[in-house]
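Written below as structure tokens is the structure these notes are about.
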Amino acid sequence: SPTNYHFYIFPESWIKRGLRRRTMRLFLVFLMVHTIFIPCFSFDVSGKDLPLTLDYYKSTCPTVFEVIKKEMECIVKEDPRNAAIIIRLHFHDCFVQGCDGSVLLDETESLQGEKKASPNINSLRGYKIVDRIKNIIESECPGVVSCADLLTISARDATILVGGPYWDVPVGRKDSKTASYELATSSLPTPEEGLISIIAKFYSQGLSVEDMVALSGAHTIGMAQCRNFRSRIYGDFQVTSALNPVSETYLSSLREICPASSGEGDSNVTAMDNVTPNLFDNSIYHTLLRGEGLLNSDQEMYTSMFGIQTRRIVSKYAEDPVAFFEQFSKSMVKMGNILNSESFVGGEVRRNCRFVNT
């Protein structure tokens, strides 16, 4: 149904009393959330009109799904954290130029990659996992399966292997011949970012508020570095958690891992979900209800003054794990269908995911 928009006029008395500019800006942002971001906008990224199909490799590489599944089983068995690593790598790929494998490209004299962009450097991993799977695929079906498809399928299998939901993966993506350091720097949400800014970044990718809350649920597995949660645990953590006895103990343990001084222990890590860190479930949403979200960007979904819709969705997923799984599956397909239209015209299937074919 069409969105209803409302117009608000500031009373003249407010202006005459000289309402502070900061207060007026906050009020305008509140109205923006109320009238623009609260509806779940939808973009046509469902795959219906996109050149992706479930049977794209049926005749050219019929074993591709099984090969990736078997290798991912070994990889996650070796270290359950690898599941989160691959899901995050897929996310960082799709948010820059679409799901085109651009995040996998190494820098060369003629190409500036995305790996050294601030959201990726010293934190994004999984490149060797992709290399490992790609080598096996190339030995069976040389020059057929794109790195972008490989990563998308691997992310689905990684989710399943740690207890998450299944979804069908449409395939047929091509690998880009370009990367964008600039977009990687500006388009990816950051751990300390505010809710309004994060919603805008998801919206720019054609993803709704519901998609954002569901996809953020992937933080139920994986680790975060001290540099990404220091400001949170020495900031408003005490306020949002209301300092109940259990929260005090948790906060103390976090501060032991992550000292207050910038630069000290920056690479120290801890689980984003301290209850079931290696199980894909809805535990992360219960963490947010308790006000104990490790990342500011996560906790904002429940405690931000602008989180009218996100708060409701977080509560729903905390109460109903099936609803979370269903929406996560839909949102992962939707994100996976963010395509780089240029790659379908001038793209390729890389032989080595780190380099453009020569």
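Ordering of the structure tokens sets the chain letters (A, B, ...), residue numbers begin anew at 1 in every chain, and ligands are numbered from 1 in the order given.
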
I'd like a table as a tab-separated table: residues in stretch 206-242 of chain A with an atom no more than 8 Å from stretch 308-332 of chain A, each row giving the shortest atom pair and its distance in Å to one decimal, only C-alpha atoms counted, sorted by chain and rising residue number.
```
residue	atom	partner	partner_atom	distance
A:Leu207	CA	A:Ser331	CA	7.9
A:Val209	CA	A:Thr310	CA	7.0
A:Glu210	CA	A:Ile313	CA	7.0
A:Asp211	CA	A:Ser331	CA	5.3
A:Val213	CA	A:Thr310	CA	6.7
A:Ala214	CA	A:Phe328	CA	5.1
A:Leu215	CA	A:Phe328	CA	6.0
A:Gly217	CA	A:Phe328	CA	7.8
```

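Atom CA of A:Tyr203 is found 13.6 Å from atom CA of A:Val96.
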
Which of stretch 18-256 of chain A DSSP labels helix (DSSP H, G or I), written as a PyMOL selection string: chain A and resi 21-37+64-78+81-94+102-104+127-140+147-161+181-187+195-204+209-220+226-233+237-241+245-256

Distance query A:Gly293 at most 9 Å, only C-alpha atoms, self and fewer than 5 positions along chain excluded, as a ChimeraX atom specification: /A:232,237,240-241,272-273,284-285,287-288,298-300

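For the residues A:Ile221, A:Ile338, A:Leu151, A:Cys74, ranking by smallest atom-to-atom distance to A:Leu89 using only C-alpha atoms places A:Leu151 first.
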
Polymer residues at most 12 Å from A:Arg173, only C-alpha atoms, same-chain spacing of 4 or more positions, as a PyMOL selection string: chain A and resi 47+50-54+56-57+94+98-102+144-153+169+336-350

All residues 7 Å or closer to A:Phe280, only C-alpha atoms, same chain fewer than 5 positions away omitted, as JSON, numbers by chain: {"A": [162, 163, 164, 220, 221]}

Using only N, CA, C and O atoms, please write the residues we just selected to a file, as a PDB file, in the first residue's frame.
```pdb
ATOM      1  N   VAL A 162      26.106 -24.032  11.397  1.00  0.00           N
ATOM      2  CA  VAL A 162      26.129 -23.630  12.813  1.00  0.00           C
ATOM      3  C   VAL A 162      24.705 -23.489  13.364  1.00  0.00           C
ATOM      4  O   VAL A 162      24.470 -22.801  14.357  1.00  0.00           O
ATOM      5  N   GLY A 163      23.759 -24.152  12.692  1.00  0.00           N
ATOM      6  CA  GLY A 163      22.406 -24.222  13.234  1.00  0.00           C
ATOM      7  C   GLY A 163      21.396 -23.279  12.630  1.00  0.00           C
ATOM      8  O   GLY A 163      20.242 -23.225  13.078  1.00  0.00           O
ATOM      9  N   GLY A 164      21.799 -22.517  11.604  1.00  0.00           N
ATOM     10  CA  GLY A 164      20.896 -21.545  11.000  1.00  0.00           C
ATOM     11  C   GLY A 164      20.009 -22.130   9.923  1.00  0.00           C
ATOM     12  O   GLY A 164      20.057 -23.339   9.642  1.00  0.00           O
ATOM     13  N   THR A 220      24.860 -13.104  15.980  1.00  0.00           N
ATOM     14  CA  THR A 220      24.689 -14.148  16.985  1.00  0.00           C
ATOM     15  C   THR A 220      25.852 -15.137  16.959  1.00  0.00           C
ATOM     16  O   THR A 220      26.017 -15.939  17.877  1.00  0.00           O
ATOM     17  N   ILE A 221      26.649 -15.095  15.893  1.00  0.00           N
ATOM     18  CA  ILE A 221      27.904 -15.848  15.836  1.00  0.00           C
ATOM     19  C   ILE A 221      29.023 -14.869  15.504  1.00  0.00           C
ATOM     20  O   ILE A 221      28.780 -13.782  15.008  1.00  0.00           O
TER      21      ILE A 221
END
```
